[in-house]
file upload-v1.cif (mmCIF, C-alpha atoms)
data_structure
#
loop_
_atom_site.label_atom_id
_atom_site.label_comp_id
_atom_site.auth_asym_id
_atom_site.auth_seq_id
_atom_site.Cartn_x
_atom_site.Cartn_y
_atom_site.Cartn_z
CA MET A 239 0.00 0.00 0.00
CA ASN A 240 1.26 3.45 -0.82
CA THR A 241 2.45 5.20 2.33
CA ASN A 242 0.99 8.46 1.09
CA THR A 243 -2.50 7.01 1.38
CA ALA A 244 -2.38 7.79 5.08
CA THR A 245 -2.22 11.51 4.35
CA ALA A 246 -5.13 11.63 1.88
CA TYR A 247 -7.78 12.21 4.54
CA SER A 248 -8.99 15.47 6.01
CA PRO A 249 -7.92 16.44 9.53
CA GLU A 250 -11.58 16.40 10.58
CA PHE A 251 -12.05 12.84 9.33
CA GLU A 252 -8.84 11.68 11.00
CA LYS A 253 -9.75 13.33 14.30
CA ALA A 254 -13.26 11.83 14.25
CA THR A 255 -11.89 8.36 13.49
CA TYR A 256 -9.32 8.38 16.28
CA ASN A 257 -11.91 9.76 18.69
CA LYS A 258 -14.04 6.76 17.74
CA LEU A 259 -11.13 4.41 18.41
CA PHE A 260 -10.45 6.12 21.71
CA TRP A 261 -14.00 5.79 23.06
CA ARG A 262 -14.30 2.20 21.91
CA LEU A 263 -10.99 0.95 23.30
CA ILE A 264 -9.36 3.11 25.97
CA PRO A 265 -12.16 3.22 28.63
CA PHE A 266 -12.52 -0.58 28.48
CA LEU A 267 -8.77 -1.24 28.56
CA PHE A 268 -8.55 1.30 31.36
CA LEU A 269 -11.10 -0.70 33.39
CA LEU A 270 -9.16 -3.92 32.81
CA TYR A 271 -5.95 -2.34 34.08
CA VAL A 272 -7.67 -0.88 37.15
CA ILE A 273 -8.67 -4.43 38.11
CA ALA A 274 -5.25 -5.83 37.18
CA PHE A 275 -3.28 -3.33 39.23
CA LEU A 276 -5.68 -3.61 42.17
CA ASP A 277 -5.14 -7.37 42.29
CA ARG A 278 -1.39 -6.87 42.02
CA VAL A 279 -1.00 -4.48 44.95
CA ASN A 280 -3.97 -5.21 47.24
CA VAL A 281 -1.54 -7.35 49.20
CA SER A 282 -0.16 -4.05 50.53
CA PHE A 283 -3.45 -3.47 52.36
CA ALA A 284 -3.93 -7.12 53.25
CA LYS A 285 -0.63 -6.91 55.13
CA LEU A 286 -2.20 -4.61 57.72
CA GLN A 287 -4.10 -7.64 59.09
CA MET A 288 -2.58 -10.63 57.32
CA GLY A 289 0.91 -10.02 58.68
CA ALA A 290 -0.29 -10.43 62.27
CA ASP A 291 -2.73 -13.28 61.50
CA LEU A 292 -0.13 -15.35 59.63
CA GLY A 293 2.98 -14.21 61.51
CA PHE A 294 4.74 -12.55 58.57
CA SER A 295 7.70 -10.25 59.24
CA ASP A 296 8.38 -7.31 56.94
CA SER A 297 11.04 -9.37 55.15
CA VAL A 298 8.65 -12.28 54.57
CA TYR A 299 5.99 -9.92 53.26
CA ALA A 300 8.47 -8.09 51.03
CA MET A 301 9.68 -11.38 49.56
CA GLY A 302 6.11 -12.42 48.75
CA ALA A 303 5.20 -9.01 47.36
CA GLY A 304 8.28 -8.96 45.16
CA ILE A 305 8.36 -12.59 44.01
CA PHE A 306 5.30 -11.78 41.92
CA PHE A 307 7.70 -10.11 39.51
CA ILE A 308 9.90 -13.21 39.20
CA GLY A 309 6.95 -15.16 37.81
CA TYR A 310 6.14 -12.14 35.69
CA PHE A 311 9.74 -12.01 34.42
CA ILE A 312 9.94 -15.68 33.41
CA PHE A 313 6.66 -15.81 31.47
CA GLU A 314 6.42 -12.24 30.09
CA VAL A 315 8.22 -12.62 26.76
CA PRO A 316 6.67 -15.96 25.76
CA SER A 317 3.23 -14.66 26.75
CA ASN A 318 3.53 -11.60 24.50
CA LEU A 319 4.88 -13.63 21.58
CA ILE A 320 1.89 -15.98 21.91
CA LEU A 321 -0.47 -12.97 22.01
CA ASN A 322 1.05 -11.69 18.78
CA ARG A 323 0.46 -15.09 17.19
CA VAL A 324 -3.01 -16.11 18.46
CA GLY A 325 -4.55 -12.65 18.79
CA ALA A 326 -5.09 -10.21 21.63
CA LYS A 327 -8.71 -11.07 22.40
CA ILE A 328 -8.36 -14.71 23.44
CA TRP A 329 -5.00 -14.20 25.17
CA ILE A 330 -5.98 -11.17 27.24
CA ALA A 331 -9.14 -13.03 28.28
CA ARG A 332 -7.06 -16.04 29.34
CA ILE A 333 -4.75 -13.85 31.38
CA MET A 334 -7.58 -12.12 33.23
CA ILE A 335 -9.53 -15.25 34.08
CA LEU A 336 -6.45 -17.07 35.38
CA TRP A 337 -5.12 -14.20 37.48
CA GLY A 338 -8.58 -13.51 38.93
CA ILE A 339 -8.90 -17.10 40.12
CA ILE A 340 -5.42 -17.09 41.66
CA SER A 341 -5.97 -13.70 43.32
CA ALA A 342 -9.25 -14.80 44.92
CA ALA A 343 -7.58 -18.03 46.11
CA PHE A 344 -5.29 -15.98 48.40
CA MET A 345 -8.10 -15.96 50.94
CA TYR A 346 -7.22 -19.61 51.52
CA VAL A 347 -3.45 -19.19 51.55
CA LYS A 348 -3.10 -21.00 54.88
CA PRO A 349 -5.10 -24.16 54.01
CA ILE A 350 -3.52 -24.22 50.54
CA SER A 351 -0.08 -24.13 52.17
CA GLU A 352 -1.09 -26.96 54.50
CA PHE A 353 -2.35 -28.98 51.52
CA LEU A 354 1.00 -28.45 49.77
CA GLY A 355 2.84 -29.46 52.95
CA VAL A 356 4.76 -26.18 53.26
CA GLU A 357 4.89 -23.32 55.73
CA THR A 358 2.36 -20.54 55.21
CA ALA A 359 5.09 -18.07 54.21
CA THR A 360 6.31 -20.50 51.54
CA GLY A 361 2.77 -21.05 50.31
CA PHE A 362 2.29 -17.28 50.13
CA ASN A 363 5.44 -16.97 48.02
CA ILE A 364 4.31 -19.79 45.70
CA MET A 365 0.93 -18.16 45.15
CA ARG A 366 2.45 -14.72 44.53
CA PHE A 367 4.80 -16.32 41.98
CA LEU A 368 1.83 -17.98 40.26
CA LEU A 369 -0.09 -14.70 40.26
CA GLY A 370 2.84 -13.04 38.46
CA ALA A 371 3.03 -15.91 35.99
CA GLY A 372 -0.71 -15.69 35.39
CA GLU A 373 -0.68 -11.94 34.79
CA ALA A 374 2.50 -12.02 32.67
CA GLY A 375 1.89 -10.47 29.29
CA PHE A 376 -1.12 -8.35 30.23
CA PHE A 377 0.50 -4.91 30.38
CA PRO A 378 2.98 -5.34 27.47
CA GLY A 379 0.17 -7.06 25.60
CA ILE A 380 -1.99 -3.96 25.93
CA ILE A 381 0.93 -1.69 24.93
CA LEU A 382 1.44 -3.89 21.86
CA TYR A 383 -2.32 -3.92 21.22
CA LEU A 384 -2.41 -0.12 21.14
CA THR A 385 0.21 -0.17 18.35
CA TYR A 386 -2.32 -2.13 16.26
CA TRP A 387 -4.64 0.89 16.34
CA PHE A 388 -2.81 4.16 17.06
CA PRO A 389 0.22 5.66 15.26
CA SER A 390 3.02 7.20 17.28
CA GLU A 391 1.69 10.77 17.31
CA TYR A 392 -1.28 9.57 19.37
CA ARG A 393 0.44 6.88 21.38
CA ALA A 394 1.85 8.73 24.40
CA ARG A 395 -1.60 10.19 25.14
CA MET A 396 -3.31 6.82 24.70
CA VAL A 397 -0.75 5.07 26.91
CA ALA A 398 -0.98 7.84 29.50
CA LEU A 399 -4.79 7.68 29.60
CA PHE A 400 -4.73 3.88 29.76
CA MET A 401 -2.08 3.89 32.48
CA THR A 402 -3.92 6.40 34.65
CA ALA A 403 -5.68 3.18 35.68
CA ILE A 404 -2.73 2.69 38.05
CA ALA A 405 -3.51 5.96 39.78
CA VAL A 406 -7.29 5.42 39.69
CA SER A 407 -6.87 1.94 41.17
CA GLY A 408 -5.10 3.67 44.05
CA ILE A 409 -7.74 6.41 44.33
CA ILE A 410 -10.62 3.92 44.33
CA GLY A 411 -8.85 0.84 45.59
CA SER A 412 -7.19 2.32 48.67
CA PRO A 413 -10.45 3.41 50.40
CA LEU A 414 -12.27 0.33 49.05
CA SER A 415 -9.61 -2.05 50.35
CA GLY A 416 -9.54 -0.27 53.69
CA ALA A 417 -13.35 -0.38 53.97
CA ILE A 418 -13.54 -4.08 53.12
CA MET A 419 -10.91 -4.96 55.69
CA GLN A 420 -12.36 -2.80 58.45
CA PHE A 421 -16.10 -3.30 58.00
CA MET A 422 -16.22 -6.91 56.76
CA ASN A 423 -13.67 -8.27 59.21
CA GLY A 424 -15.23 -11.28 60.95
CA MET A 425 -18.22 -11.68 58.60
CA ASN A 426 -18.93 -15.35 57.86
CA GLY A 427 -15.94 -16.14 60.08
CA TRP A 428 -13.51 -14.68 57.56
CA ALA A 429 -10.88 -12.03 58.27
CA GLY A 430 -11.05 -8.72 56.45
CA TRP A 431 -8.01 -9.57 54.33
CA GLN A 432 -9.73 -12.77 53.13
CA TRP A 433 -12.77 -10.79 52.01
CA LEU A 434 -10.38 -8.37 50.29
CA PHE A 435 -8.85 -11.03 48.05
CA LEU A 436 -12.23 -12.61 47.24
CA ILE A 437 -14.11 -9.41 46.39
CA GLU A 438 -11.27 -7.91 44.34
CA GLY A 439 -10.46 -11.16 42.50
CA ILE A 440 -13.92 -11.95 41.11
CA PRO A 441 -14.19 -8.93 38.72
CA ALA A 442 -11.09 -10.06 36.80
CA VAL A 443 -12.71 -13.42 36.05
CA LEU A 444 -15.99 -11.85 34.93
CA LEU A 445 -14.28 -9.22 32.75
CA GLY A 446 -12.18 -11.93 31.13
CA PHE A 447 -15.33 -13.33 29.55
CA VAL A 448 -16.43 -9.82 28.53
CA VAL A 449 -13.11 -9.40 26.67
CA LEU A 450 -14.01 -12.34 24.41
CA ALA A 451 -17.18 -10.59 23.30
CA TYR A 452 -15.98 -6.98 23.19
CA LEU A 453 -12.40 -6.73 21.88
CA ASP A 454 -11.27 -7.14 18.28
CA ASN A 455 -7.79 -8.35 17.36
CA GLY A 456 -7.19 -5.32 15.17
CA PRO A 457 -8.83 -2.74 12.88
CA ARG A 458 -9.38 -5.28 10.09
CA ASP A 459 -11.73 -7.22 12.41
CA ALA A 460 -13.59 -4.15 13.72
CA LYS A 461 -17.14 -4.26 12.39
CA TRP A 462 -17.83 -0.94 14.15
CA LEU A 463 -15.45 0.87 11.77
CA THR A 464 -16.52 1.89 8.26
CA ALA A 465 -14.49 0.70 5.27
CA GLU A 466 -13.01 4.19 4.86
CA GLU A 467 -12.08 4.40 8.55
CA LYS A 468 -10.38 1.01 8.40
CA THR A 469 -8.40 2.01 5.32
CA MET A 470 -7.19 5.22 6.94
CA VAL A 471 -6.15 3.55 10.21
CA ILE A 472 -4.39 0.64 8.51
CA SER A 473 -2.60 2.82 5.93
CA LYS A 474 -1.20 5.17 8.59
CA LEU A 475 0.12 2.21 10.57
CA GLU A 476 1.68 0.62 7.50
CA ALA A 477 3.32 3.91 6.58
CA GLU A 478 4.73 4.22 10.10
CA THR A 479 6.10 0.67 9.97
CA LYS A 480 7.97 1.46 6.76
CA ASN A 481 9.36 4.64 8.32
CA LYS A 482 10.60 2.70 11.34
CA LEU A 483 12.36 0.09 9.20
CA SER A 484 13.91 2.68 6.89
CA GLY A 485 15.04 4.65 9.96
CA GLY A 486 16.84 1.68 11.50
CA GLY A 487 13.96 0.16 13.44
CA HIS A 488 13.62 -3.60 13.97
CA HIS A 489 10.96 -6.07 12.86
CA SER A 490 12.33 -9.39 14.17
CA PHE A 491 12.82 -10.26 17.84
CA GLY A 492 16.40 -11.42 17.16
CA GLU A 493 17.32 -8.02 15.72
CA SER A 494 15.91 -6.20 18.73
CA LEU A 495 18.07 -8.30 21.08
CA LYS A 496 21.20 -6.98 19.34
CA ASP A 497 20.26 -3.32 19.82
CA TYR A 498 21.90 -1.92 22.95
CA LYS A 499 19.13 0.69 23.24
CA VAL A 500 16.62 -2.08 24.00
CA TRP A 501 18.74 -3.20 26.96
CA VAL A 502 19.26 0.39 28.11
CA LEU A 503 15.49 0.87 28.00
CA ALA A 504 15.15 -2.20 30.22
CA LEU A 505 17.62 -0.67 32.72
CA ILE A 506 15.83 2.71 32.60
CA TYR A 507 12.52 1.03 33.32
CA PHE A 508 14.06 -1.13 36.06
CA SER A 509 15.36 2.01 37.77
CA GLU A 510 11.92 3.64 37.68
CA VAL A 511 10.12 0.52 38.88
CA VAL A 512 12.49 0.05 41.85
CA GLY A 513 11.42 3.42 43.20
CA PHE A 514 7.75 3.06 42.35
CA TYR A 515 7.05 -0.35 43.85
CA GLY A 516 9.40 0.23 46.76
CA VAL A 517 6.91 2.88 47.88
CA THR A 518 3.69 1.31 46.56
CA PHE A 519 3.92 -1.97 48.46
CA PHE A 520 4.72 -0.23 51.73
CA LEU A 521 2.50 2.85 51.38
CA PRO A 522 -0.34 1.64 53.69
CA GLN A 523 2.22 0.48 56.26
CA LEU A 524 4.03 3.82 56.09
CA VAL A 525 0.72 5.64 56.58
CA LYS A 526 -0.11 3.41 59.56
CA GLU A 527 3.28 4.13 61.15
CA MET A 528 2.58 7.85 60.76
CA GLY A 529 -0.21 7.41 63.30
CA VAL A 530 -3.29 6.95 61.11
CA VAL A 531 -5.78 4.66 62.90
CA GLY A 532 -8.22 2.32 61.10
CA GLU A 533 -7.93 0.61 57.73
CA PHE A 534 -10.57 2.83 56.09
CA ASN A 535 -8.85 6.03 57.24
CA ASN A 536 -5.59 4.54 56.02
CA GLY A 537 -7.18 3.94 52.63
CA LEU A 538 -8.40 7.53 52.39
CA ILE A 539 -4.95 8.92 53.19
CA SER A 540 -3.24 6.42 50.87
CA ALA A 541 -5.45 7.60 47.98
CA ILE A 542 -4.05 11.15 48.09
CA PRO A 543 -0.80 10.48 46.17
CA TRP A 544 -2.71 8.68 43.42
CA ILE A 545 -4.99 11.67 42.77
CA PHE A 546 -1.99 13.84 41.94
CA ALA A 547 -0.37 10.97 40.01
CA ALA A 548 -3.39 10.66 37.71
CA VAL A 549 -3.23 14.36 36.83
CA ALA A 550 0.54 14.24 36.32
CA MET A 551 0.29 11.26 33.95
CA VAL A 552 -2.27 12.84 31.66
CA LEU A 553 -0.66 16.29 31.57
CA ASN A 554 2.83 14.90 30.95
CA GLY A 555 1.69 12.54 28.19
CA ARG A 556 -0.38 15.25 26.50
CA HIS A 557 2.45 17.81 26.62
CA SER A 558 4.94 15.24 25.34
CA ASP A 559 2.79 14.52 22.28
CA LYS A 560 2.15 18.23 21.70
CA THR A 561 5.85 19.13 21.77
CA MET A 562 7.01 15.82 20.22
CA GLU A 563 9.63 15.54 22.98
CA ARG A 564 10.25 12.42 25.10
CA ARG A 565 13.61 12.64 26.90
CA TRP A 566 12.94 15.52 29.28
CA HIS A 567 9.37 14.34 29.82
CA ILE A 568 10.94 11.20 31.31
CA ALA A 569 14.00 12.66 33.01
CA ILE A 570 12.35 15.56 34.87
CA PRO A 571 9.57 13.45 36.46
CA ALA A 572 12.18 10.84 37.45
CA LEU A 573 14.20 13.50 39.28
CA ILE A 574 11.03 14.80 40.96
CA SER A 575 10.34 11.24 42.15
CA ALA A 576 13.84 10.98 43.57
CA LEU A 577 13.35 14.28 45.40
CA GLY A 578 10.09 12.95 46.83
CA LEU A 579 11.82 9.87 48.25
CA ILE A 580 14.53 12.01 49.83
CA ILE A 581 11.90 14.26 51.42
CA THR A 582 10.05 11.22 52.78
CA ALA A 583 13.24 9.71 54.17
CA ILE A 584 14.26 12.93 55.95
CA ALA A 585 10.77 13.76 57.27
CA GLY A 586 10.14 10.24 58.59
CA LYS A 587 7.26 9.31 60.88
CA GLU A 588 7.40 12.52 62.87
CA HIS A 589 6.16 14.81 60.08
CA LEU A 590 3.08 13.28 58.48
CA VAL A 591 2.24 16.13 56.11
CA ILE A 592 5.79 16.51 54.79
CA SER A 593 6.17 12.74 54.37
CA MET A 594 2.91 12.58 52.41
CA ILE A 595 4.12 15.41 50.17
CA GLY A 596 7.25 13.39 49.49
CA ILE A 597 5.29 10.21 48.73
CA THR A 598 2.92 12.18 46.50
CA LEU A 599 5.84 13.61 44.51
CA THR A 600 7.26 10.12 44.13
CA CYS A 601 4.02 8.53 42.89
CA ALA A 602 3.21 11.45 40.57
CA GLY A 603 6.73 11.55 39.15
CA CYS A 604 6.98 7.79 38.60
CA LEU A 605 3.66 7.59 36.78
CA ALA A 606 4.49 10.67 34.71
CA VAL A 607 7.63 8.81 33.59
CA VAL A 608 5.74 5.76 32.34
CA SER A 609 3.19 7.92 30.52
CA CYS A 610 5.96 8.80 28.03
CA PHE A 611 8.43 5.93 28.45
CA TRP A 612 6.59 3.45 26.25
CA SER A 613 6.77 5.81 23.28
CA LEU A 614 10.51 5.02 23.10
CA PRO A 615 10.46 1.23 22.48
CA THR A 616 7.41 1.44 20.19
CA ALA A 617 9.34 3.99 18.10
CA ILE A 618 12.12 1.57 17.19
CA LEU A 619 10.33 -1.81 17.24
CA THR A 620 7.63 -3.29 15.03
CA GLY A 621 6.05 -6.68 14.34
CA THR A 622 7.53 -9.60 16.29
CA ALA A 623 10.29 -7.31 17.56
CA ALA A 624 7.65 -5.13 19.20
CA ALA A 625 5.89 -8.12 20.76
CA GLY A 626 9.07 -9.62 22.18
CA GLY A 627 10.99 -6.38 22.78
CA ILE A 628 8.23 -4.65 24.73
CA ALA A 629 7.78 -7.76 26.85
CA LEU A 630 11.55 -8.05 27.36
CA ILE A 631 11.85 -4.43 28.51
CA ASN A 632 8.81 -4.75 30.75
CA SER A 633 9.88 -8.07 32.30
CA PHE A 634 13.43 -6.98 33.07
CA GLY A 635 12.20 -3.61 34.23
CA ASN A 636 9.62 -5.12 36.53
CA LEU A 637 12.32 -7.02 38.38
CA GLY A 638 12.62 -3.67 40.13
CA GLY A 639 9.30 -4.57 41.71
CA TYR A 640 11.10 -7.48 43.36
CA TYR A 641 14.15 -5.59 44.59
CA GLY A 642 12.48 -2.33 45.71
CA PRO A 643 10.16 -3.90 48.32
CA LYS A 644 12.86 -6.44 49.26
CA TRP A 645 15.38 -3.74 50.14
CA ILE A 646 12.85 -1.72 52.14
CA GLY A 647 11.67 -4.82 54.02
CA ALA A 648 15.19 -6.02 54.82
CA ILE A 649 16.43 -2.62 55.98
CA LYS A 650 13.26 -2.01 57.98
CA ASP A 651 13.61 -5.38 59.76
CA GLN A 652 17.27 -4.78 60.55
CA LEU A 653 17.20 -1.10 61.46
CA GLY A 654 13.52 -0.46 62.22
CA ASP A 655 13.52 2.49 59.79
CA PRO A 656 13.20 2.34 55.98
CA ALA A 657 14.84 5.76 55.46
CA ASN A 658 18.17 4.36 54.23
CA ALA A 659 16.34 2.20 51.67
CA LEU A 660 14.49 5.26 50.38
CA PHE A 661 17.82 6.96 49.64
CA ILE A 662 18.85 3.89 47.62
CA LEU A 663 15.60 3.97 45.67
CA ALA A 664 16.10 7.69 44.99
CA GLY A 665 19.50 6.88 43.49
CA PHE A 666 17.88 4.51 40.99
CA LEU A 667 15.44 7.21 39.90
CA VAL A 668 18.36 9.58 39.30
CA LEU A 669 19.95 6.81 37.21
CA CYS A 670 16.71 6.58 35.21
CA ALA A 671 16.95 10.29 34.33
CA VAL A 672 20.68 10.22 33.55
CA LEU A 673 20.47 7.19 31.25
CA THR A 674 17.53 8.66 29.34
CA LEU A 675 19.36 11.92 28.66
CA ALA A 676 22.74 10.29 27.98
CA VAL A 677 21.70 7.48 25.65
CA PHE A 678 18.74 8.90 23.74
CA LYS A 679 19.74 12.02 21.85
CA PRO A 680 16.98 14.33 20.57
CA ASN A 681 17.39 13.16 16.97
CA GLN A 682 17.09 9.50 18.03
CA VAL A 683 13.89 10.06 19.95
CA SER A 684 12.39 11.90 17.01
CA ILE A 685 11.47 8.53 15.52
CA ALA A 686 8.76 8.42 18.16
CA SER A 687 7.32 11.65 16.84
CA ARG A 688 6.73 10.66 13.23
#
call {"tool": "encode", "arguments": {"input": "upload-v1.cif", "output": "structure tokens"}}
result
Amino acid sequence: MNTNTATAYSPEFEKATYNKLFWRLIPFLFLLYVIAFLDRVNVSFAKLQMGADLGFSDSVYAMGAGIFFIGYFIFEVPSNLILNRVGAKIWIARIMILWGIISAAFMYVKPISEFLGVETATGFNIMRFLLGAGEAGFFPGIILYLTYWFPSEYRARMVALFMTAIAVSGIIGSPLSGAIMQFMNGMNGWAGWQWLFLIEGIPAVLLGFVVLAYLDNGPRDAKWLTAEEKTMVISKLEAETKNKLSGGGHHSFGESLKDYKVWVLALIYFSEVVGFYGVTFFLPQLVKEMGVVGEFNNGLISAIPWIFAAVAMVLNGRHSDKTMERRWHIAIPALISALGLIITAIAGKEHLVISMIGITLTCAGCLAVVSCFWSLPTAILTGTAAAGGIALINSFGNLGGYYGPKWIGAIKDQLGDPANALFILAGFLVLCAVLTLAVFKPNQVSIASR
């Protein structure tokens, strides 16, 4: 197809078509990610009761929270390659149904551990590993899926709007999780944390079946698009693919593995994730140690950073697309996140308001980073390289979700204060900014703006 075909349509027609794509896809994908992220991190609230009920130390909890990402790491790349082969609809549905079942099963972590003949802490680790394996491929699968519909000039905004689900899951999920644990504790003889896993696991299973009926594998399968709309969307994507390949982009997974920028992107993302999850998994505990009483009140306070993070994500992604600039839209938020961690570490438990300002800066900065970050790998990768490369970057990067909580838990157990760990996490966020500015020159990033 002639690449110029993509430019033969009026701006009004193009705008109307992409608005149609947006309203059909993004709100639904957004809902899926709200549920996904809630199931990933609700263990942070469960810890407020579960730790005492099951006798978990901070180190045991941190290991379980982080080992999720080991399962995620192992199965991420194969999962995304399978999605690219069998289609997004059936694979995303499979992921959701499986992770929902595993997440709900955490309410029975103790009897499941007894059935397996292992200690409860070991059983908890096994189930967290399986949850990571079950969810592997969901996020990079959605990032890949968006490349089937939106060209690069729309992508940072679409990714940012989709990923505000992380912040919204915190805004909604924090008070919801706190309310479930506080007000349902003891009902039917179950602890509040058991109700938490059950109630927040079921929606993933139900939505998995909705995916089968609602999503299309790509624009060619979309009966809700007119023939002219399909032609425009497909031609713009084909033109972009040719531009990527002529500009040195990669189509095969093997080629992407040889590009040092892919591995640098993995390190950049790892550095951001270390800081983000180091705070996320311990946020309710940090709020509790600041003197907040009651799980519901804890949830309300814990929601505050996510409100600012949602705004930061959207504004940063929108401004990045408007200016066609990526590097500083990643580096500056990363440095703001590092500053937030330093503020939190210095303020400590004695200064609640200042500590919450620091945590808010960290959450807002980290999510502003990811709103633009994924425009970089999708600018240089296409086809199988995009499927495998995005998953590779995400899986290696998400290992930071293992180390961040682990370091905080270990230091907190040994010293009784996580401040030193927060300084370490801040250093990784500085590394994130430095690598982005050092490795990706303005002319290299311009591929993402075509």
call {"tool": "atom_distance", "arguments": {"input": "upload-v1.cif", "atom1": "CA of Gly424 (chain A)", "atom2": "CA of Ser412 (chain A)"}}
result
20.0 Å
call {"tool": "atom_distance", "arguments": {"input": "upload-v1.cif", "atom1": "CA of Ile581 (chain A)", "atom2": "CA of Tyr641 (chain A)"}}
result
21.1 Å
call {"tool": "axis_aligned_box", "arguments": {"input": "upload-v1.cif", "around": "region 339-342 of chain A", "padding_each_side": "5 Å", "output": "AutoDock Vina command-line options"}}
result
--center_x -7.3 --center_y -15.4 --center_z 42.5 --size_x 13.8 --size_y 13.4 --size_z 14.8
call {"tool": "closest_residue", "arguments": {"input": "upload-v1.cif", "among": "A:Lys644, A:Trp387, A:His589, A:Phe400", "to": "Val471 (chain A)", "atoms": "all atoms listed in the file"}}
result
A:Trp387
call {"tool": "residues_around", "arguments": {"input": "upload-v1.cif", "residues": "Pro378 (chain A)", "least_positions_apart": "6", "cutoff": "7 Å", "atoms": "all atoms listed in the file", "output": "PyMOL selection string"}}
result
chain A and resi 318+628-629+632
call {"tool": "closest_atom_pairs", "arguments": {"input": "upload-v1.cif", "of": "region 401-514 of chain A", "to": "region 535-556 of chain A", "cutoff": "6 Å", "atoms": "all atoms listed in the file", "output": "CSV"}}
result
residue,atom,partner,partner_atom,distance
A:Thr402,CA,A:Ala548,CA,5.3
A:Ala405,CA,A:Trp544,CA,4.6
A:Gly408,CA,A:Ala541,CA,5.6
A:Ile409,CA,A:Ala541,CA,4.5
A:Ser412,CA,A:Gly537,CA,4.3
A:Pro413,CA,A:Gly537,CA,4.0
A:Gly416,CA,A:Gly537,CA,4.9
call {"tool": "closest_residue", "arguments": {"input": "upload-v1.cif", "among": "A:Phe275, A:Tyr640, A:Phe678, A:Trp566", "to": "Tyr310 (chain A)", "atoms": "only C-alpha atoms"}}
result
A:Tyr640
call {"tool": "residues_around", "arguments": {"input": "upload-v1.cif", "residues": "Leu667 (chain A)", "least_positions_apart": "2", "cutoff": "7 Å", "atoms": "all atoms listed in the file", "output": "list of chain:residue names"}}
result
A:Ser509, A:Glu510, A:Gly513, A:Ala572, A:Leu573, A:Ser575, A:Ala576, A:Leu663, A:Ala664, A:Gly665, A:Leu669, A:Cys670, A:Ala671
call {"tool": "closest_residue", "arguments": {"input": "upload-v1.cif", "among": "A:Gly370, A:Pro522, A:Gly596, A:Gly411", "to": "Leu276 (chain A)", "atoms": "only C-alpha atoms"}}
result
A:Gly411
call {"tool": "resolve_selection", "arguments": {"input": "upload-v1.cif", "expression": "the PyMOL selection byres ((chain A and resi 633) around 10)", "output": "list in words"}}
result
Phe307, Ile308, Gly309, Tyr310, Phe311, Ile312, Phe313, Glu314, Val315, Ala374, Gly375, Pro378, Ala504, Tyr507, Phe508, Gly627, Ile628, Ala629, Leu630, Ile631, Asn632, Phe634, Gly635, Asn636, Leu637 and Gly638 of chain A
call {"tool": "resolve_selection", "arguments": {"input": "upload-v1.cif", "expression": "the PyMOL selection byres ((chain A and resi 514) around 8)", "output": "list in words"}}
result
Glu510, Val511, Val512, Gly513, Tyr515, Gly516, Val517, Thr518, Thr600, Cys601, Cys604, Gly639 and Gly642 of chain A
call {"tool": "write_last_selection", "arguments": {"input": "upload-v1.cif", "atoms": "C-alpha atoms", "output": "PDB file, in the frame of the given file"}}
result
ATOM      1  CA  GLU A 510      11.920   3.640  37.680  1.00  0.00           C
ATOM      2  CA  VAL A 511      10.120   0.520  38.880  1.00  0.00           C
ATOM      3  CA  VAL A 512      12.490   0.050  41.850  1.00  0.00           C
ATOM      4  CA  GLY A 513      11.420   3.420  43.200  1.00  0.00           C
ATOM      5  CA  TYR A 515       7.050  -0.350  43.850  1.00  0.00           C
ATOM      6  CA  GLY A 516       9.400   0.230  46.760  1.00  0.00           C
ATOM      7  CA  VAL A 517       6.910   2.880  47.880  1.00  0.00           C
ATOM      8  CA  THR A 518       3.690   1.310  46.560  1.00  0.00           C
ATOM      9  CA  THR A 600       7.260  10.120  44.130  1.00  0.00           C
ATOM     10  CA  CYS A 601       4.020   8.530  42.890  1.00  0.00           C
ATOM     11  CA  CYS A 604       6.980   7.790  38.600  1.00  0.00           C
ATOM     12  CA  GLY A 639       9.300  -4.570  41.710  1.00  0.00           C
ATOM     13  CA  GLY A 642      12.480  -2.330  45.710  1.00  0.00           C
TER      14      GLY A 642
END
call {"tool": "resolve_selection", "arguments": {"input": "upload-v1.cif", "expression": "the PyMOL selection byres ((chain A and resi 460-470) around 8)", "output": "NGL selection string"}}
result
:A and (243-244 or 247 or 252 or 255 or 454 or 456-459 or 471-474)
call {"tool": "closest_residue", "arguments": {"input": "upload-v1.cif", "among": "A:Thr479, A:Ser282, A:Gln523, A:Ser390", "to": "Ser415 (chain A)", "atoms": "all atoms listed in the file"}}
result
A:Ser282
call {"tool": "atom_distance", "arguments": {"input": "upload-v1.cif", "atom1": "CA of Val448 (chain A)", "atom2": "CA of Ile264 (chain A)"}}
result
15.0 Å
call {"tool": "closest_residue", "arguments": {"input": "upload-v1.cif", "among": "A:Pro615, A:Gly304, A:Lys560, A:Ala583", "to": "Tyr498 (chain A)", "atoms": "only C-alpha atoms"}}
result
A:Pro615
call {"tool": "closest_residue", "arguments": {"input": "upload-v1.cif", "among": "A:Leu675, A:Ala254, A:Leu399, A:Leu292", "to": "Glu357 (chain A)", "atoms": "all atoms listed in the file"}}
result
A:Leu292
